[in-house]
Amino acid sequence: MRKIYLLLFTILFTAAINAQVSVTATAGTPGPTAYTTLKGAFDAINAGTHQGDIAISLSGNTTETATAALNASGAGSALYTNVSVTATVPVTVSGSIVGGIIKLVGADNVTIDGRIGGTGRNITVSNTSTSASTAAIWITSTGVGAGATNNVIRNLEIACGITQNTSTSSTFGIILCSNNTSISTTSNSDDCDNNSFIANRIVRCRYGIVTRGTTTNLTQNTIVTDNIIGPSTFGADQIGKVGIFMQADQGAIVSRNTVQFVGGDFANTTGGADRVGIGIGQESWSMSPSTLTSNSYSVTANVIHDIIEERTFSAVGILLGTTGGGSATNNLVANNFLYNVRSNGTSGDQTVGLGISGGHSDKVVYNSIYMSGDVDPGSASASTNFGSGIRIANASGTTHQNLLLQNNSVFMDLSSSSTAANRYYAISGNSSAYSFGTGGENYNNYYINAANTQTQTGGLGTTSGNTLTTQFATLANWQTAYTAPQDANSIQSNPNHISASDLHIPVGSPNAGAGQTVAGVVFDIDGQLRDATVDIGGDDPTGVTPPANDMAAAIFINPVIGEA
C-alpha cells in the first residue's frame with residue numbers, strides 16, 4: 001500500500017511540475033485544466049473544450065515543439081469571446097520553430113500580457129530557430145473580412161534565434177502579415193485591424209515589429225507604443241535591419257518607442273543593408289526612394305539612436321515614404337529625438353536623419369536631430385555619397401505636395417575621414433522647383449559646425465556623389481534656394497542640447513521661443529503642454545525659461561491618445 005501511495009504521489013507530483021499552463025473558462029469545460037504547453041491550451045480552445053471568456057495562466061516555462069496557433073472563434077469548433085494569457089511568475093515560452101512560436105490565425109480579442117501586478121515584462125517569447133522567415137509572434141488573416149482584430153501584445157520580452165551580427169536572414173519579433181501563408185515583409189494581409197503592441201522589449205531580430213496590410217485594404221488603427229526595440233549595445237542581440245516597419249496602414253499610432261542599435265559597425269555586421277529606425281511605407285533609401293500606399297500615421301515622441309551602417313548602404317532614422325495616389329496622406333511626424341545615425345553610403349546610398357520620399361499634406365514638425373561622427377571609421381570602406389539631417393528626396397507633384405516642415409532642430413557635424421570631398425547638409429531637397437503648396441518650410445534651426453569644413457547648410461539635387469548639384473553654405477544662401485523662397489524665420493545656432501544623447505534643451509537655448517504654433521500638436525516629447533513661447537525641436541518645457549533637463553523620469557503622456 002505504501003508503494004502505491006508513493007507511486008500516486010510521484011505521478012501527481014510529476015503532473016504538477018509539468019502543468020505549466022492552466023486554463024479556466026466561463027463555458028464548455030470551466031477548468032482549471034492543466035496543460036504542459038501553450039500549444040496544448042490553444043489546441044483545446046480550437047477544439048471547443050473551453051469556451052466563453054477564457055483565461056490562460058502560465059506558471060512555468062514551456063517548450064513548444066510546434067506553433068501555438070489560436071484560430072478565430074467560429075472557425076471549426078472554437079467558440080470564445082476573448083482569451084487572456086498572463087503569468088503568475090516570470091516564465092519563458094520558447095521553441096525552435098520555422099514559423100511563429102505564437103500565431104493568431106484570424107483570432108480576435110486576445111491579450112497576451114506579461115505584467116504581474118500591473119508591472120514588468122514577465123513573459124519571454126523566444127524562437128531559437130536559426131532558419132529564415134521565423135518569428136516570435138505572428139498575427140495573420142485567413143482572408144478578406146477574416147483578419148485578426150482587437151488583439152493586445154504587451155509587456156513581453158521577445159527574441160529570435162539568429163545572431164544579427166553574423167547573419168542576414170530575416171527574422172521578426174512581432175509580425176502582422178499574410179493571409180495565413182508565409183512570414184514576409186511583402187506578404188499582404190487583410191483586415192487585421194485594431195491591434196496593439198505595447199511596452200515590449202525586442203532583441204536579436206532582423207526586424208523588430210512589422211505590419212503589412214494590403215494597399216487596397218489598409219490595416220486600420222494599429223498601435224505601436226512604449227516598446228524598446230534593440231539591446232543596449234551592438235552585438236549578437238542587435239536589430240539587423242529595421243526597428244519598426246509599417247506598410248499599408250491607416251490611422252496607425254507609433255509613439256514613445258525607443259529604437260536603438262540597428263545595424264552595427266563594420267566589425268559587428270555581416271553583409272550590408274539599408275538600416276532604418278522607423279520605416280513608414282518603405283524600408284529602403286536611395287537617391288529616388290519609393291513610396292507605398294498608406295496614410296494617416298502619427299509618429300510621435302520616439303527616441304531613435306545608433307542606426308549604423310558601415311558596409312556602404314544607407315542609414316535612416318525615420319523614413320516617411322507613403323502615397324495616396326493624389327489623395328491626402330495626412331501623416332504626422334512630430335516630437336521625435338534622433339541621434340547617432342550614420343552610414344558610409346556609396347552609389348546613391350547615404351546617411352539621413354529624417355528622410356521624406358512621399359506624402360500629401362503631411363506635417364513633419366518639432367523633431368530634434370543630432371548628426372555627428374565619422375561615417376567611415378576604421379576598416380569601413382570609404383563613403384562616396386553626401387548625407388543630410390533632413391532630406392526631401394522626390395519631386396513635388398500630384399502625389400507629393402503640401403508638406404509642412406516646421407520647427408525642426410538639426411545639429412549637423414558628420415564627417416568622412418576617408419573622403420574629404422564629401423559634404424553633409426543640415427537640410428537637402430530635390431530641386432529649386434520643389435513646391436510646398438499649402439504647407440511650407442520655416443521656423444527650423446539648421447546648425448552646422450563651422451569648424452567642420454565638410455558641413456553645409458543646404459543642398460539641392462538628385463545626382464549621387466560627394467556633393468549635391470547646388471550647395472548653400474549659409475542660412476542666408478539657403479533662404480533663397482527655392483523658386484518660392486522658404487525658411488524666412490529659420491535660425492542657425494547651436495541648440496546646446498544637454499548632450500549628444502539627450503536632446504532636451506537647457507536654459508538659454510536659441511531654440512527657446514523661436515518656433516511657431518502648429519495646429520493639432522500641443523504637447524512635446526515629454527507630454528508637456530507647449531505654451532505661447534513655442535520652442536523649436538522636440539522639447540518645449542512649459543514656461544519662458546526651460547529647466548536644465550525636464551525629461552519626465554518614468555511615464556510620458558501620449559500626445560495622441562492621451563494615455564499614460
# chains A, B, ... in the order shown; residues from 1 in each chain; ligands from 1
call {"tool": "residues_around", "arguments": {"residues": "segment 181-187 of chain A", "least_positions_apart": "3", "cutoff": "6 Å", "atoms": "only C-alpha atoms", "output": "CSV table (one decimal) with N, CA, C and O atoms, in the first residue's frame"}}
result
chain,number,residue,atom,x,y,z
A,133,SER,N,12.8,33.5,-42.0
A,133,SER,CA,11.3,33.6,-42.0
A,133,SER,C,10.7,33.0,-40.8
A,133,SER,O,9.7,32.2,-40.9
A,177,CYS,N,1.1,40.0,-40.9
A,177,CYS,CA,1.3,39.9,-42.3
A,177,CYS,C,0.5,38.6,-42.9
A,177,CYS,O,0.2,37.7,-42.1
A,178,SER,N,0.3,38.6,-44.1
A,178,SER,CA,-0.2,37.5,-44.9
A,178,SER,C,-1.6,37.0,-44.6
A,178,SER,O,-2.2,37.3,-43.5
call {"tool": "residues_around", "arguments": {"residues": "segment 481-496 of chain A", "least_positions_apart": "3", "cutoff": "9 Å", "atoms": "only C-alpha atoms", "output": "number ranges by chain"}}
result
A: 406-407, 409-411, 431-436, 440-449, 457-460, 470-472, 474-478, 499, 503-506, 508-512, 514-515
call {"tool": "residues_around", "arguments": {"residues": "Ser131 of chain A", "least_positions_apart": "3", "cutoff": "8 Å", "atoms": "only C-alpha atoms", "output": "PyMOL selection string"}}
result
chain A and resi 98+134+162+169
call {"tool": "closest_residue", "arguments": {"among": "A:Asn257, A:Ser501, A:Asn295, A:Thr329", "to": "Tyr370 of chain A", "atoms": "only C-alpha atoms"}}
result
A:Ser501
call {"tool": "closest_residue", "arguments": {"among": "A:Trp138, A:Gly378, A:Gly353, A:Ala395", "to": "Tyr425 of chain A", "atoms": "only C-alpha atoms"}}
result
A:Gly353
call {"tool": "select_by_dssp", "arguments": {"residues": "segment 191-307 of chain A", "states": "strand (DSSP E)", "output": "VMD selection string"}}
result
chain A and resid 196 to 198 201 to 203 207 to 212 219 to 220 223 to 225 228 to 229 242 to 247 249 to 250 253 to 255 258 to 264 275 to 280 292 to 293 298 to 300 303 to 307
call {"tool": "closest_residue", "arguments": {"among": "A:Leu354, A:Val224, A:Met287, A:Ala75", "to": "Ser255 of chain A", "atoms": "only C-alpha atoms"}}
result
A:Val224
call {"tool": "closest_residue", "arguments": {"among": "A:Val105, A:Ala25, A:Leu319, A:Ala68", "to": "Asn180 of chain A", "atoms": "only C-alpha atoms"}}
result
A:Val105
call {"tool": "closest_residue", "arguments": {"among": "A:Thr258, A:Ser415, A:Gln456, A:Asn330", "to": "Ile427 of chain A", "atoms": "only C-alpha atoms"}}
result
A:Gln456
call {"tool": "closest_residue", "arguments": {"among": "A:Asp362, A:Asp43, A:Glu283, A:Glu309", "to": "Thr67 of chain A", "atoms": "only C-alpha atoms"}}
result
A:Asp43
call {"tool": "residues_around", "arguments": {"residues": "segment 215-219 of chain A", "least_positions_apart": "2", "cutoff": "12 Å", "atoms": "only C-alpha atoms", "output": "short mmCIF file (atom, residue, chain, number, x, y, z; two decimals) with all heavy atoms, in the first residue's frame"}}
result
data_model
loop_
_atom_site.label_atom_id
_atom_site.label_comp_id
_atom_site.auth_asym_id
_atom_site.auth_seq_id
_atom_site.Cartn_x
_atom_site.Cartn_y
_atom_site.Cartn_z
N THR A 140 -1.94 36.87 -38.25
CA THR A 140 -2.26 36.66 -39.66
C THR A 140 -3.77 36.55 -39.88
O THR A 140 -4.53 36.23 -38.96
CB THR A 140 -1.54 35.40 -40.19
OG1 THR A 140 -1.74 35.29 -41.60
CG2 THR A 140 -2.04 34.15 -39.50
N SER A 141 -4.16 36.84 -41.11
CA SER A 141 -5.55 36.76 -41.52
C SER A 141 -5.80 35.43 -42.25
O SER A 141 -4.86 34.73 -42.61
CB SER A 141 -5.86 37.93 -42.47
OG SER A 141 -7.12 37.80 -43.07
N GLY A 143 -8.21 35.79 -44.76
CA GLY A 143 -8.84 36.32 -45.95
C GLY A 143 -9.59 37.60 -45.67
O GLY A 143 -9.62 38.11 -44.54
N VAL A 144 -10.22 38.16 -46.69
CA VAL A 144 -10.98 39.40 -46.55
C VAL A 144 -12.11 39.20 -45.55
O VAL A 144 -12.85 38.21 -45.61
CB VAL A 144 -11.55 39.83 -47.92
CG1 VAL A 144 -12.43 41.07 -47.77
CG2 VAL A 144 -10.42 40.11 -48.90
N GLY A 145 -12.19 40.11 -44.58
CA GLY A 145 -13.21 40.01 -43.55
C GLY A 145 -12.90 38.98 -42.48
O GLY A 145 -13.74 38.74 -41.61
N GLY A 147 -9.73 38.88 -40.64
CA GLY A 147 -8.46 39.23 -40.03
C GLY A 147 -8.46 38.99 -38.53
O GLY A 147 -9.50 38.76 -37.91
N ALA A 148 -7.25 39.06 -37.96
CA ALA A 148 -7.09 39.00 -36.50
C ALA A 148 -7.23 40.42 -35.98
O ALA A 148 -6.46 41.31 -36.36
CB ALA A 148 -5.74 38.42 -36.14
N THR A 149 -8.21 40.68 -35.13
CA THR A 149 -8.53 42.05 -34.71
C THR A 149 -8.60 42.19 -33.20
O THR A 149 -8.84 41.23 -32.48
CB THR A 149 -9.87 42.51 -35.31
OG1 THR A 149 -10.93 41.74 -34.73
CG2 THR A 149 -9.89 42.33 -36.81
N ASN A 150 -8.39 43.44 -32.77
CA ASN A 150 -8.56 43.81 -31.36
C ASN A 150 -7.71 42.97 -30.41
O ASN A 150 -8.15 42.61 -29.31
CB ASN A 150 -10.04 43.69 -30.97
CG ASN A 150 -10.92 44.63 -31.78
OD1 ASN A 150 -10.72 45.84 -31.79
ND2 ASN A 150 -11.86 44.06 -32.51
N LEU A 176 2.80 41.24 -38.34
CA LEU A 176 1.41 41.13 -38.78
C LEU A 176 1.46 41.11 -40.30
O LEU A 176 1.81 42.12 -40.94
CB LEU A 176 0.61 42.34 -38.26
CG LEU A 176 -0.89 42.42 -38.53
CD1 LEU A 176 -1.55 43.37 -37.54
CD2 LEU A 176 -1.20 42.87 -39.95
N CYS A 177 1.14 39.97 -40.89
CA CYS A 177 1.27 39.85 -42.34
C CYS A 177 0.52 38.64 -42.85
O CYS A 177 0.18 37.73 -42.09
CB CYS A 177 2.75 39.74 -42.75
SG CYS A 177 3.50 38.13 -42.41
N SER A 178 0.26 38.62 -44.13
CA SER A 178 -0.21 37.50 -44.94
C SER A 178 -1.61 37.03 -44.58
O SER A 178 -2.16 37.32 -43.52
CB SER A 178 0.76 36.31 -44.88
OG SER A 178 0.50 35.45 -43.81
N THR A 186 6.62 41.37 -47.42
CA THR A 186 5.87 41.67 -48.64
C THR A 186 4.63 40.81 -48.80
O THR A 186 4.00 40.83 -49.86
CB THR A 186 6.77 41.50 -49.88
OG1 THR A 186 7.25 40.16 -49.93
CG2 THR A 186 7.95 42.46 -49.83
N SER A 187 4.25 40.06 -47.78
CA SER A 187 3.09 39.18 -47.86
C SER A 187 1.87 39.91 -47.28
O SER A 187 1.80 40.17 -46.08
CB SER A 187 3.35 37.88 -47.10
OG SER A 187 2.28 36.99 -47.23
N ASN A 188 0.92 40.25 -48.13
CA ASN A 188 -0.22 41.08 -47.74
C ASN A 188 -1.17 40.35 -46.79
O ASN A 188 -1.38 39.14 -46.89
CB ASN A 188 -1.03 41.50 -48.97
CG ASN A 188 -0.24 42.38 -49.91
OD1 ASN A 188 0.74 43.00 -49.52
ND2 ASN A 188 -0.67 42.44 -51.16
N SER A 189 -1.77 41.13 -45.90
CA SER A 189 -2.83 40.60 -45.03
C SER A 189 -4.07 41.45 -45.20
O SER A 189 -4.00 42.62 -45.59
CB SER A 189 -2.39 40.62 -43.56
OG SER A 189 -2.23 41.95 -43.10
N ASP A 190 -5.23 40.88 -44.89
CA ASP A 190 -6.50 41.58 -44.98
C ASP A 190 -7.16 41.70 -43.61
O ASP A 190 -7.28 40.70 -42.88
CB ASP A 190 -7.45 40.84 -45.92
CG ASP A 190 -7.10 41.03 -47.39
OD1 ASP A 190 -7.18 42.17 -47.87
OD2 ASP A 190 -6.73 40.04 -48.04
N ASP A 191 -7.56 42.92 -43.29
CA ASP A 191 -8.47 43.18 -42.16
C ASP A 191 -7.93 42.75 -40.79
O ASP A 191 -8.72 42.39 -39.91
CB ASP A 191 -9.82 42.51 -42.43
CG ASP A 191 -10.49 43.10 -43.66
OD1 ASP A 191 -10.58 44.34 -43.75
OD2 ASP A 191 -10.92 42.33 -44.54
N CYS A 192 -6.63 42.82 -40.61
CA CYS A 192 -6.06 42.64 -39.27
C CYS A 192 -6.03 44.01 -38.59
O CYS A 192 -4.99 44.68 -38.52
CB CYS A 192 -4.66 42.03 -39.35
SG CYS A 192 -4.64 40.29 -39.80
N ASP A 193 -7.17 44.44 -38.10
CA ASP A 193 -7.36 45.81 -37.62
C ASP A 193 -7.35 45.90 -36.10
O ASP A 193 -7.63 44.93 -35.39
CB ASP A 193 -8.69 46.35 -38.14
CG ASP A 193 -8.77 46.37 -39.66
OD1 ASP A 193 -7.71 46.51 -40.31
OD2 ASP A 193 -9.89 46.24 -40.19
N ASN A 194 -7.04 47.11 -35.62
CA ASN A 194 -7.17 47.47 -34.20
C ASN A 194 -6.33 46.59 -33.28
O ASN A 194 -6.76 46.20 -32.19
CB ASN A 194 -8.64 47.40 -33.77
CG ASN A 194 -9.52 48.28 -34.62
OD1 ASN A 194 -9.26 49.47 -34.77
ND2 ASN A 194 -10.55 47.70 -35.22
N ASN A 195 -5.10 46.29 -33.70
CA ASN A 195 -4.18 45.54 -32.86
C ASN A 195 -3.19 46.48 -32.19
O ASN A 195 -2.81 47.51 -32.76
CB ASN A 195 -3.43 44.51 -33.70
CG ASN A 195 -4.36 43.42 -34.21
OD1 ASN A 195 -4.88 42.62 -33.45
ND2 ASN A 195 -4.59 43.39 -35.52
N THR A 211 4.29 45.49 -39.77
CA THR A 211 2.91 45.31 -40.20
C THR A 211 2.86 45.39 -41.71
O THR A 211 3.56 46.19 -42.33
CB THR A 211 1.97 46.38 -39.61
OG1 THR A 211 2.37 47.68 -40.08
CG2 THR A 211 2.02 46.36 -38.08
N ARG A 212 2.04 44.56 -42.31
CA ARG A 212 1.87 44.57 -43.77
C ARG A 212 0.41 44.30 -44.09
O ARG A 212 -0.08 43.17 -44.00
CB ARG A 212 2.75 43.50 -44.42
CG ARG A 212 2.52 43.35 -45.94
CD ARG A 212 3.17 44.45 -46.75
NE ARG A 212 2.84 44.36 -48.17
CZ ARG A 212 3.56 44.93 -49.14
NH1 ARG A 212 4.63 45.64 -48.82
NH2 ARG A 212 3.19 44.82 -50.39
N GLY A 213 -0.30 45.37 -44.46
CA GLY A 213 -1.68 45.22 -44.90
C GLY A 213 -1.72 45.00 -46.40
O GLY A 213 -0.79 44.48 -47.01
N ASN A 221 -5.79 51.30 -37.70
CA ASN A 221 -5.67 51.69 -36.28
C ASN A 221 -4.72 50.82 -35.46
O ASN A 221 -5.01 50.49 -34.30
CB ASN A 221 -7.05 51.70 -35.62
CG ASN A 221 -8.05 52.55 -36.38
OD1 ASN A 221 -7.71 53.62 -36.88
ND2 ASN A 221 -9.27 52.07 -36.49
N THR A 222 -3.60 50.46 -36.03
CA THR A 222 -2.59 49.73 -35.26
C THR A 222 -1.92 50.68 -34.28
O THR A 222 -1.60 51.82 -34.61
CB THR A 222 -1.53 49.13 -36.19
OG1 THR A 222 -2.18 48.31 -37.16
CG2 THR A 222 -0.53 48.29 -35.41
N ILE A 223 -1.67 50.21 -33.07
CA ILE A 223 -0.97 51.00 -32.05
C ILE A 223 0.35 50.31 -31.73
O ILE A 223 0.38 49.13 -31.37
CB ILE A 223 -1.81 51.16 -30.78
CG1 ILE A 223 -3.05 52.00 -31.07
CG2 ILE A 223 -0.98 51.80 -29.66
CD1 ILE A 223 -4.00 52.13 -29.89
N MET A 246 6.29 49.65 -41.00
CA MET A 246 4.84 49.60 -41.14
C MET A 246 4.45 49.96 -42.56
O MET A 246 4.91 50.97 -43.11
CB MET A 246 4.18 50.53 -40.13
CG MET A 246 4.58 50.21 -38.70
SD MET A 246 3.62 51.09 -37.46
CE MET A 246 2.02 50.31 -37.61
N GLN A 247 3.56 49.13 -43.16
CA GLN A 247 3.16 49.29 -44.55
C GLN A 247 1.67 49.05 -44.72
O GLN A 247 1.10 48.15 -44.10
CB GLN A 247 3.89 48.29 -45.44
CG GLN A 247 5.37 48.11 -45.20
CD GLN A 247 5.82 46.76 -45.71
OE1 GLN A 247 6.08 46.60 -46.90
NE2 GLN A 247 5.90 45.77 -44.83
N ALA A 248 1.07 49.85 -45.60
CA ALA A 248 -0.34 49.67 -45.96
C ALA A 248 -1.24 49.73 -44.73
O ALA A 248 -2.11 48.88 -44.52
CB ALA A 248 -0.54 48.37 -46.73
N ASP A 249 -0.99 50.76 -43.91
CA ASP A 249 -1.81 51.01 -42.73
C ASP A 249 -2.59 52.31 -42.91
O ASP A 249 -2.23 53.16 -43.74
CB ASP A 249 -0.94 51.16 -41.47
CG ASP A 249 -0.08 49.96 -41.19
OD1 ASP A 249 -0.58 49.02 -40.55
OD2 ASP A 249 1.10 49.97 -41.57
N GLN A 250 -3.59 52.49 -42.08
CA GLN A 250 -4.31 53.74 -41.99
C GLN A 250 -4.63 54.01 -40.53
O GLN A 250 -5.17 53.16 -39.83
CB GLN A 250 -5.61 53.68 -42.80
CG GLN A 250 -6.40 54.98 -42.83
CD GLN A 250 -7.60 54.89 -43.75
OE1 GLN A 250 -8.44 54.00 -43.60
NE2 GLN A 250 -7.69 55.81 -44.70
N GLY A 251 -4.26 55.21 -40.06
CA GLY A 251 -4.57 55.59 -38.69
C GLY A 251 -3.71 54.93 -37.64
O GLY A 251 -4.11 54.83 -36.48
N ALA A 252 -2.50 54.51 -37.99
CA ALA A 252 -1.61 53.87 -37.02
C ALA A 252 -0.97 54.91 -36.11
O ALA A 252 -0.63 56.03 -36.53
CB ALA A 252 -0.54 53.06 -37.72
N GLY A 281 6.00 52.95 -44.69
CA GLY A 281 5.77 52.71 -46.11
C GLY A 281 6.90 51.98 -46.80
O GLY A 281 6.66 51.14 -47.65
N THR A 291 7.68 54.79 -52.67
CA THR A 291 6.60 55.02 -51.74
C THR A 291 5.62 53.84 -51.81
O THR A 291 5.64 53.06 -52.75
CB THR A 291 5.84 56.32 -52.06
OG1 THR A 291 5.33 56.24 -53.40
CG2 THR A 291 6.76 57.53 -51.94
N LEU A 292 4.74 53.74 -50.81
CA LEU A 292 3.73 52.68 -50.78
C LEU A 292 2.41 53.29 -50.29
O LEU A 292 2.41 54.16 -49.42
CB LEU A 292 4.16 51.55 -49.86
CG LEU A 292 3.24 50.32 -49.85
CD1 LEU A 292 3.56 49.43 -51.05
CD2 LEU A 292 3.39 49.52 -48.57
N THR A 293 1.32 52.83 -50.82
CA THR A 293 0.00 53.33 -50.41
C THR A 293 -0.23 53.07 -48.92
O THR A 293 -0.27 51.92 -48.49
CB THR A 293 -1.11 52.67 -51.23
OG1 THR A 293 -0.90 52.96 -52.61
CG2 THR A 293 -2.48 53.17 -50.81
N SER A 294 -0.33 54.11 -48.16
CA SER A 294 -0.54 54.09 -46.72
C SER A 294 -0.90 55.52 -46.33
O SER A 294 -0.56 56.46 -47.05
CB SER A 294 0.74 53.69 -45.95
OG SER A 294 1.40 52.58 -46.52
N ASN A 295 -1.54 55.71 -45.17
CA ASN A 295 -1.83 57.09 -44.77
C ASN A 295 -2.18 57.21 -43.30
O ASN A 295 -2.43 56.22 -42.61
CB ASN A 295 -2.95 57.68 -45.64
CG ASN A 295 -4.30 57.02 -45.43
OD1 ASN A 295 -4.93 57.19 -44.39
ND2 ASN A 295 -4.75 56.26 -46.44
N SER A 296 -2.18 58.46 -42.85
CA SER A 296 -2.66 58.85 -41.53
C SER A 296 -1.88 58.21 -40.38
O SER A 296 -2.46 57.82 -39.36
CB SER A 296 -4.16 58.53 -41.38
OG SER A 296 -4.89 59.13 -42.42
N TYR A 297 -0.56 58.11 -40.54
CA TYR A 297 0.29 57.67 -39.44
C TYR A 297 0.55 58.83 -38.49
O TYR A 297 0.71 59.98 -38.91
CB TYR A 297 1.64 57.17 -39.96
CG TYR A 297 1.60 55.87 -40.71
CD1 TYR A 297 1.38 55.86 -42.09
CD2 TYR A 297 1.81 54.66 -40.06
CE1 TYR A 297 1.37 54.66 -42.79
CE2 TYR A 297 1.80 53.47 -40.76
CZ TYR A 297 1.57 53.47 -42.12
OH TYR A 297 1.56 52.29 -42.83
N THR A 322 5.12 57.35 -47.98
CA THR A 322 3.76 56.92 -48.29
C THR A 322 3.20 57.69 -49.47
O THR A 322 3.66 58.77 -49.82
CB THR A 322 2.82 57.12 -47.09
OG1 THR A 322 2.60 58.53 -46.90
CG2 THR A 322 3.40 56.52 -45.83
N THR A 323 2.17 57.14 -50.08
CA THR A 323 1.45 57.83 -51.15
C THR A 323 -0.03 57.52 -51.03
O THR A 323 -0.42 56.44 -50.57
CB THR A 323 1.96 57.42 -52.53
OG1 THR A 323 1.27 58.19 -53.53
CG2 THR A 323 1.74 55.96 -52.81
N GLY A 324 -0.83 58.48 -51.48
CA GLY A 324 -2.27 58.27 -51.53
C GLY A 324 -2.79 58.36 -52.94
O GLY A 324 -4.00 58.48 -53.14
N GLY A 325 -1.88 58.32 -53.91
CA GLY A 325 -2.28 58.37 -55.30
C GLY A 325 -3.00 59.65 -55.68
O GLY A 325 -3.86 59.65 -56.55
#
call {"tool": "select_by_dssp", "arguments": {"residues": "segment 450-553 of chain A", "states": "alpha helix (DSSP H)", "output": "VMD selection string"}}
result
chain A and resid 475 to 478
call {"tool": "atom_distance", "arguments": {"atom1": "atom CA of Gly321 of chain A", "atom2": "atom CA of Trp285 of chain A"}}
result
9.4 Å
call {"tool": "residues_around", "arguments": {"residues": "Gly263 of chain A", "least_positions_apart": "5", "cutoff": "6 Å", "atoms": "only C-alpha atoms", "output": "PyMOL selection string"}}
result
chain A and resi 240-241+275+308-309
call {"tool": "atom_distance", "arguments": {"atom1": "atom CA of Gly60 of chain A", "atom2": "atom CA of Val125 of chain A"}}
result
12.8 Å
call {"tool": "atom_distance", "arguments": {"atom1": "atom CA of Thr469 of chain A", "atom2": "atom CA of Asn385 of chain A"}}
result
12.2 Å
